[in-house]
There are 2 protein chains.
Amino acid sequence: MDAAVLHEHLTIDSESDESVYQQIAGQIEALISGSELASGDRLPAIRTLATRLGLHRDTIALAYERLATEGWAEARVGAGTFVRPSGRRAGSVVASSYPPSGGSERASEVELALAPQVEQLITLDNTRPRYATGDDVVAFHRLIPDPRFYPVEEFRECIDAAIREEGPELFSYASPEGDPRLRRAMAERFRAEGIDRSADELVLCHGASQGISLALRLFAEPGDQIAVEVPTYANVLSAFAGLGLSPAVVSMDDEGADPEALDRVLAKPEVKAFYTIPSFHNPLGTSMSIERRHQVLEIAKRHGVPVIEDAFELDLRFQGDELPPLAALDESDLVVLLFSFSKSLFPGVRVGSLSAHGRALEGLVALKHATDLSDALLLQAGLARFVESGAYDRHLVRMRRLLRSRHAIMNEMLELEMPKGTTWTRPDGGYQLWVELPFEVDTRDLLADAARGGVLFSPGASFMPDGRPSRGMRLTVACVDEDEIRRGVAALGEVIRSRQAVNGRAGQRAGMHL
Amino acid sequence: MDAAVLHEHLTIDSESDESVYQQIAGQIEALISGSELASGDRLPAIRTLATRLGLHRDTIALAYERLATEGWAEARVGAGTFVRPSGRRAGSVVASSYPPSGGSERASEVELALAPQVEQLITLDNTRPRYATGDDVVAFHRLIPDPRFYPVEEFRECIDAAIREEGPELFSYASPEGDPRLRRAMAERFRAEGIDRSADELVLCHGASQGISLALRLFAEPGDQIAVEVPTYANVLSAFAGLGLSPAVVSMDDEGADPEALDRVLAKPEVKAFYTIPSFHNPLGTSMSIERRHQVLEIAKRHGVPVIEDAFELDLRFQGDELPPLAALDESDLVVLLFSFSKSLFPGVRVGSLSAHGRALEGLVALKHATDLSDALLLQAGLARFVESGAYDRHLVRMRRLLRSRHAIMNEMLELEMPKGTTWTRPDGGYQLWVELPFEVDTRDLLADAARGGVLFSPGASFMPDGRPSRGMRLTVACVDEDEIRRGVAALGEVIRSRQAVNGRAGQRAGMHL
């Protein structure tokens with residue numbers, strides 16, 4: 001058979017005890033062992049097969065992962081998943097030594113050359129961990145507000161009102177900066193945080209992710225470096241790849257970015273900016289101390305290097321003292337402040353903002369215009385009404401209460417379930433926290449067991465700019481209720497303890513050989 | 001006085017016979033001649049002053065332009081508009097010899113270095129013609145559907161239905177490719193045009209402008225070249241500047257891109273793609289012949305160079321025979337097809353699409369994800385319903401009828417009003433047409449007179465990749481009703497004839513000196 005029509009040979013039994021990904025993996029295994037699929041056949045892309053079967057792509061990814069783990073198939077970076085030669089199918093995993101090949105599903109007479117940055121992005125995409133997100137899986141890996149709490153009806157009314165009140169103008173192009181009414185409402189909120197930026201100094205953007213791309217492009221061109229904390233937000237690393245930038249790493253201590261390391265890195269002329277998440281750090285969940293904030297600004301000023309401050313969870317503090325954003329302490333116009341409604345409200349509104357002064361502001365407006373002219377006014381005008389009406393603040397009160405109680409239960413469960421010596425952070429805001437295991441392990445290696453145990457997390461290595469293994473893991477309380485937190489941490493504890501036991505025995509055996 | 005508070009010294013009299021931009025220019029002139037503003041003072045940025053006065057920025061731009069024309073101020077590329085030294089204020093325009101300075105409105109202790117591409121974008125932004133768009137001005141320069149015909153109420157109902165039916169999921173992240181329902185509806189429409197792309201081969205994007213950026217980044221990195229027709233879409237040239245790309249120009253004849261020129265350009269290894277608008281070309285309004293389409297594909301195939309086909313007005317044919325898009329003729333997977341709803345429906349929906357095969361498709365998905373994760377599902381889901389319900393097709397019928405009659409009147413008026421020897425195109429679809437004057441003139445020099453006469457157009461030079469002067473001008477029938485077309489062409493005819501007369505006299509004088 002032709003692997004391209006694989007989907008016609010697969011059937012899903014929703015009554016089965018076996019999970020969907022197991023059914024798919026099992027049936028592909030049978031096609032391989034029955035020689036219907038031959039060695040070297042390229043399995044359909046995850047995305048393609050998922051669409052054809054009407055399934056989530058994570059389900060297919062998990063099936064392919066099982067096939068790889070069991071030696072039936074192998075993923076080749078940048079090329080796809082291939083059926084393995086039968087001689088290499090003997091039980092355990094064999095590292096692939098195939099060079100990446102530019103395979104394409106459809107016979108193409110001409111092989112188009114993609115930009116090197118795009119090749120790198122595809123590779124990165126294929127090596128990123130995939131997650132199965134069935135209803136029964138505890139999703140400690142998700143960093144997205146819980147859809148069960150989206151204020152959909154109130155927002156619908158705001159959109160409706162915006163259309164009725166503003167009419168056709170709402171469907172024309174906006175200025176690159178976006179809706180003035182929303183910018184005024186946001187500037188007022190920023191002022192309450194001590195951030196002195198007028199509505200004119202805000203540029204709305206298409207989510208914080210676009211904001212990050214624009215801020216990076218403002219200061220850096222391909223070949224340049226950007227200073228980042230270790231660990232840091234995983235998608236910033238994709239943004240680097242897409243823009244031809246590379247990270248210059250700055251280690252962290254308990255108070256935030258290490259001043260000596262930062263000083264050393266910012267001294268390098270090829271480093272064009274420092275990207276930092278001072279409050280509710282992603283993935284750590286911790287916040288930079290006030291003294292460190294002043295120090296960071298002082299160092300950046302000394303080197304004349306701009307600071308991109310990612311304040312993506314600014315509105316989600318649920319306990320502890322307020323800490324001023326760097327933008328509020330900045331007296332030298334060094335800081336480009338990045339804000340987003342994606343985590344405090346919902347991502348679907350696709351509204352974030354950048355703010356800056358002077359030439360940097362002019363540059364942001366010109367970049368936004370050159371990138372996509374403008375954003376959708378309709379969503380911005382709806383959001384302006386939502387904020388002005390007080391609905392956003394009411395929503396924040398609910399979210400903060402929810403976060404406080406979920407973090408408390410998470411903490412309590414970790415105390416109960418984690419092996420001795422495990423450490424974790426106790427955030428004052430946001431969704432994420434960081435757990436570090438007390439024994440040598442690459443937490444990527446725990447993912448498959450955890451998934452089988454019904455729980456998912458983000459392995460620490462995903463947040464390492466150099467991809468180095470980590471015994472850390474990021475957990476979030478974003479999309480898990482109290483029962484799920486209890487169940488998930490218990491399952492995770494079991495996976496960790498059993499790995500620790502295996503490690504211990506391996507250590508003993510290794511000791512016997514000495 | 002401090003130029004930063006200029007707005008406090010200006011008053012607008014809405015009852016005055018003088019237009020607003022003239023009032024502003026006059027008052028600034030008085031402040032300069034009264035020495036309240038000193039030589040070298042930097043006037044506030046156009047954007048800033050416009051916001052502070054609650055005026056459109058085009059109004060300020062026009063005022064600054066008058067000040068420059070009359071010798072009171074000068075624009076320095078990349079730096080802003082400055083009050084001129086009085087010795088240089090003697091009547092006629094003096095070319096500025098100042099080097100660009102990195103002026104900033106707010107005193108900043110640290111001067112941040114922006115990326116070179118951004119500096120180039122700011123410069124481009126400052127040298128682009130600005131337009132005053134008062135209610136009384138005939139806007140032949142606007143290429144945006146007429147807001148008087150937006151189907152706002154029908155669209156509002158579709159958005160409402162989408163929220164009620166899909167609920168919270170609509171406010172979560174979409175996959176980078178976007179709403180499958182809309183992609184299916186679009187793929188079906190494409191099939192009717194002979195374009196064989198499945199829903200899986202479409203990636204939705206944030207308007208065609210983002211689509212252009214993504215398609216360029218797919219194949220090219222900074223330093224590379226992209227082949228473009230001369231003239232071509234002005235915003236593509238901004239996109240080049242923002243991405244560090246440069247144009248490789250391909251001349252055109254009556255049938256489209258010149259085959260010999262294209263062959264020569266695509267042979268250069270630094271040229272990574274060919275950007276073309278085969279149907280209803282912008283700015284020309286003409287369409288590439290069927291023979292030329294085959295030739296273009298053959299040449300691109302021979303060189304292995306991808307073709308980015310901008311089909312931004314695909315749905316707006318109002319007369320003449322259907323011509324297959326390049327994507328429908330492409331047998332070698334060379335074409336990345338770009339489509340948009342911005343011109344056929346309205347820009348505010350911010351939905352365009354890219355389609356491609358194989359690795360190019362994978363690359364587009366990875367780029368879209370790295371750029372902004374995903375678009376707003378709400379708008380896509382609303383649009384899917386709008387298309388499925390037939391409302392989009394009903395809207396197209398109205399728009400095509402409107403376009404046909406407006407173009408007919410435009411043509412009739414040009415026959416009446418243009419001096420002998422003037423030529424213009426007669427498009428079968430879309431909004432724009434191209435007029436070429438029968439005497440030596442840079443149409444940029446007619447703009448100020450035209451604006452005074454109550455009509456605006458886009459000077460040909462804006463569409464020249466090398467910025468060379470042109471005696472062409474782009475007119476559109478997008479936002480002008482029949483009366484406005486009559487009035488606008490009459491006014492334009494007057495401006496052109498009087499310039500021709502001046503040129504004639506100058507020619508005679510020049511002749512006398514011989």
# chains A, B, ... in the order shown; residues from 1 in each chain; ligands from 1
>>> residues_around(residues="region 17-27 of chain B", least_positions_apart="2", cutoff="10 Å", atoms="only C-alpha atoms", output="number ranges by chain")
B: 7, 9-15, 29-33, 55, 58-68, 70, 72, 132, 134, 452
>>> select_by_dssp(residues="region 209-384 of chain B", states="helix (DSSP H, G or I)", output="count of residues only")
76
>>> residues_around(residues="Gly472 (chain A)", least_positions_apart="3", cutoff="8 Å", atoms="only C-alpha atoms", output="list in words")
Trp434, Val435, Glu436, Leu437, Thr443, Pro459, Gly460 and Ala461 of chain A
>>> residues_around(residues="Arg487 (chain A)", least_positions_apart="6", cutoff="12 Å", atoms="only C-alpha atoms", output="VMD selection string")
chain A and resid 136 to 140 409 to 410 413 to 414 417 453 to 456 480 to 481 493 to 494
>>> residues_around(residues="region 165-174 of chain A", least_positions_apart="5", cutoff="10 Å", atoms="only C-alpha atoms", output="VMD selection string")
(chain A and resid 159 to 160 179 to 180 373 to 381) or (chain B and resid 144 to 153 156 342 345 to 350)
>>> write_last_selection(atoms="C-alpha atoms", output="PDB file, in the first residue's frame")
ATOM      1  CA  ILE A 159     -18.250  42.938  20.362  1.00  0.00           C
ATOM      2  CA  ASP A 160     -21.869  43.365  19.477  1.00  0.00           C
ATOM      3  CA  ASP A 179      -7.630  51.482  18.489  1.00  0.00           C
ATOM      4  CA  PRO A 180      -6.998  54.744  20.427  1.00  0.00           C
ATOM      5  CA  LEU A 373      -0.525  47.002   8.167  1.00  0.00           C
ATOM      6  CA  SER A 374      -2.746  46.775  11.240  1.00  0.00           C
ATOM      7  CA  ASP A 375      -4.696  44.460  13.518  1.00  0.00           C
ATOM      8  CA  ALA A 376      -8.430  43.775  13.609  1.00  0.00           C
ATOM      9  CA  LEU A 377     -10.132  46.864  15.049  1.00  0.00           C
ATOM     10  CA  LEU A 378     -13.232  44.841  15.852  1.00  0.00           C
ATOM     11  CA  LEU A 379     -11.468  42.800  18.531  1.00  0.00           C
ATOM     12  CA  GLN A 380      -9.669  45.846  19.921  1.00  0.00           C
ATOM     13  CA  ALA A 381     -12.861  47.906  20.092  1.00  0.00           C
TER      14      ALA A 381
ATOM     15  CA  ILE B 144      -9.718  49.828   0.055  1.00  0.00           C
ATOM     16  CA  PRO B 145     -13.310  48.753  -0.536  1.00  0.00           C
ATOM     17  CA  ASP B 146     -15.926  51.449  -0.083  1.00  0.00           C
ATOM     18  CA  PRO B 147     -17.139  51.381   3.550  1.00  0.00           C
ATOM     19  CA  ARG B 148     -20.593  52.461   2.334  1.00  0.00           C
ATOM     20  CA  PHE B 149     -21.048  48.908   1.035  1.00  0.00           C
ATOM     21  CA  TYR B 150     -19.712  46.790   3.908  1.00  0.00           C
ATOM     22  CA  PRO B 151     -22.231  44.064   4.816  1.00  0.00           C
ATOM     23  CA  VAL B 152     -21.836  44.898   8.490  1.00  0.00           C
ATOM     24  CA  GLU B 153     -25.154  43.590   9.753  1.00  0.00           C
ATOM     25  CA  ARG B 156     -22.338  40.781  12.838  1.00  0.00           C
ATOM     26  CA  SER B 342      -9.392  42.580   2.350  1.00  0.00           C
ATOM     27  CA  LEU B 345     -15.056  42.018   1.563  1.00  0.00           C
ATOM     28  CA  PHE B 346     -13.285  44.389   3.958  1.00  0.00           C
ATOM     29  CA  PRO B 347      -9.791  44.657   5.425  1.00  0.00           C
ATOM     30  CA  GLY B 348     -10.940  44.614   9.062  1.00  0.00           C
ATOM     31  CA  VAL B 349     -11.569  40.874   8.982  1.00  0.00           C
ATOM     32  CA  ARG B 350      -7.765  40.483   8.655  1.00  0.00           C
TER      33      ARG B 350
END
>>> closest_residue(among="A:Arg217, A:His294, A:Arg57, A:Arg406", to="Gly363 (chain A)", atoms="only C-alpha atoms")
A:Arg217
>>> atom_distance(atom1="CA of Gln432 (chain A)", atom2="CA of Met399 (chain A)")
14.0 Å
>>> residues_around(residues="Arg189 (chain B)", least_positions_apart="6", cutoff="10 Å", atoms="only C-alpha atoms", output="list of chain:residue names")
B:Arg183, B:Ile195, B:Asp315, B:Val387
>>> atom_distance(atom1="CA of Ala356 (chain B)", atom2="CA of Leu202 (chain B)")
7.1 Å
>>> select_by_dssp(residues="region 207-255 of chain B", states="strand (DSSP E)", output="list of chain:residue names")
B:Gln225, B:Ile226, B:Ala227, B:Val228, B:Glu229, B:Ser246, B:Pro247, B:Ala248, B:Val249, B:Val250, B:Met252, B:Asp253
>>> closest_residue(among="B:Leu403, B:Leu492, B:Val397, B:Leu447", to="Asp428 (chain B)", atoms="only C-alpha atoms")
B:Leu403
